[in-house]
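As structure tokens, the structure follows; a few thoughts come after it.
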Amino acid sequence: MRTSWNVALQVGAVVACVDLRSTAPGWFLFILIITIVGALFPLIPTVLSLFLLRRRTLPASLAAPFVACAGFLVLGGLTVPDFDDVRTHAPVMVLLGQGDAPVPDAVHGLAMLSVLGWLAALVWLVVALVLVNRPSRRPAGPGHPAWGRAPDAG
């Protein structure tokens, strides 16, 4: 995957998540906005993708966790329910025209799966970054043939 596509994917996932969260606002969204950590935590893959722009392409071992982070972030933005003083809302329910209906247990389960999946993908991403950027442990190849010869006596 090209690094520019990865940055676009990460930015698009954050924008989609914020847009989906704004369809069912409540106290959860308010808390995320007030606490700086809650607002910046989903930006970690985006920032990491910006640091990798110096590369032209990403190996599959790095592209896969980036795609997983983006997918789980959008899924979380779609399914994680929010609450106000009376009831809970989930963006998927609002988009389906059932914003006043109670949030089904399946949506709650999918929301928890998306949050845990995003956290696992983030750990996977950090491990993949460490493994890709570590120095090679391969032994050095044979030296140049001229290095083993004695100097010419002249």
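Residues in the structure tokens are named by chain (A, B, ... in the order shown) and by number from 1 within that chain; ligands are numbered from 1 in the order shown.
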
Closest-contact table, stretch 50-101 of chain A side, partner stretch 14-24 of chain A, 12 Å, counting only C-alpha atoms, as a tab-separated table:
residue	atom	partner	partner_atom	distance
A:Cys69	CA	A:Val14	CA	10.2
A:Ala70	CA	A:Val14	CA	7.8
A:Gly71	CA	A:Cys17	CA	10.0
A:Phe72	CA	A:Cys17	CA	9.8
A:Leu73	CA	A:Cys17	CA	6.5
A:Val74	CA	A:Cys17	CA	5.1
A:Leu75	CA	A:Cys17	CA	8.0
A:Gly76	CA	A:Cys17	CA	7.5
A:Gly77	CA	A:Cys17	CA	4.5
A:Leu78	CA	A:Leu20	CA	5.8
A:Thr79	CA	A:Leu20	CA	9.1
A:Val80	CA	A:Arg21	CA	8.4
A:Pro81	CA	A:Ala24	CA	8.1
A:Asp82	CA	A:Ala24	CA	6.8
A:Phe83	CA	A:Ala24	CA	8.6
A:Asp84	CA	A:Ala24	CA	9.8
A:Arg87	CA	A:Ala24	CA	11.2
A:Thr88	CA	A:Ala24	CA	8.9
A:His89	CA	A:Ala24	CA	5.8
A:Ala90	CA	A:Ala24	CA	6.1
A:Pro91	CA	A:Ala24	CA	5.2
A:Val92	CA	A:Leu20	CA	8.3
A:Met93	CA	A:Ala24	CA	8.8
A:Val94	CA	A:Ala24	CA	6.8
A:Leu95	CA	A:Thr23	CA	7.9
A:Leu96	CA	A:Thr23	CA	11.4
A:Gly97	CA	A:Thr23	CA	11.3
A:Gln98	CA	A:Ala24	CA	11.3
A:Gly99	CA	A:Ala24	CA	8.1
A:Asp100	CA	A:Ala24	CA	10.6

Atomic separation - atom CA of A:Leu48 relative to atom CA of A:Asn6, Å
10.2 Å

Shell around A:Val67 at 12 Å using only C-alpha atoms, local window under 6 positions removed, as a PyMOL selection string
chain A and resi 1+3+5-13+45-46+49+58+60-61+73-74+117-118+121-122+124-125

Considering only C-alpha atoms, can you say which of A:Leu116, A:Ala101, A:Ser4, A:Phe66 comes closest to A:Leu43?
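Nearest to A:Leu43: A:Phe66.
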
Write out as a PyMOL selection string all residues of stretch 2-154 of chain A that backbone DSSP assigns to helix (DSSP H, G or I).
chain A and resi 3-21+27-34+36-54+60-79+91-95+105-133+145-148

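Using only C-alpha atoms, the nearest neighbour of A:Asn133 within the list A:Leu52, A:Ser114, A:Thr57, A:His108 is A:Leu52.
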
Backbone DSSP call of strand (DSSP E) for chain A, listed as an mmCIF file with N, CA, C and O atoms, in the first residue's frame:
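Written file, states_11.cif:
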data_model
loop_
_atom_site.group_PDB
_atom_site.id
_atom_site.type_symbol
_atom_site.label_atom_id
_atom_site.label_comp_id
_atom_site.auth_asym_id
_atom_site.auth_seq_id
_atom_site.Cartn_x
_atom_site.Cartn_y
_atom_site.Cartn_z
ATOM 1 N N ASP A 82 -24.393 5.868 22.702
ATOM 2 C CA ASP A 82 -24.218 7.053 23.538
ATOM 3 C C ASP A 82 -25.476 7.181 24.385
ATOM 4 O O ASP A 82 -26.500 6.584 24.106
ATOM 5 N N PHE A 83 -25.412 7.962 25.420
ATOM 6 C CA PHE A 83 -26.547 8.067 26.331
ATOM 7 C C PHE A 83 -26.773 9.527 26.704
ATOM 8 O O PHE A 83 -25.874 10.345 26.684
ATOM 9 N N THR A 88 -30.502 5.598 25.595
ATOM 10 C CA THR A 88 -29.255 5.441 24.843
ATOM 11 C C THR A 88 -29.555 5.513 23.348
ATOM 12 O O THR A 88 -30.651 5.207 22.908
ATOM 13 N N HIS A 89 -28.563 5.956 22.610
ATOM 14 C CA HIS A 89 -28.664 6.044 21.152
ATOM 15 C C HIS A 89 -27.425 5.387 20.563
ATOM 16 O O HIS A 89 -26.366 5.459 21.137
#

Could you check how far atom CA of A:Ala128 sits from atom CA of A:Pro59, in Å to one decimal?
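According to the coordinates, atom CA of A:Ala128 and atom CA of A:Pro59 are separated by 10.1 Å.
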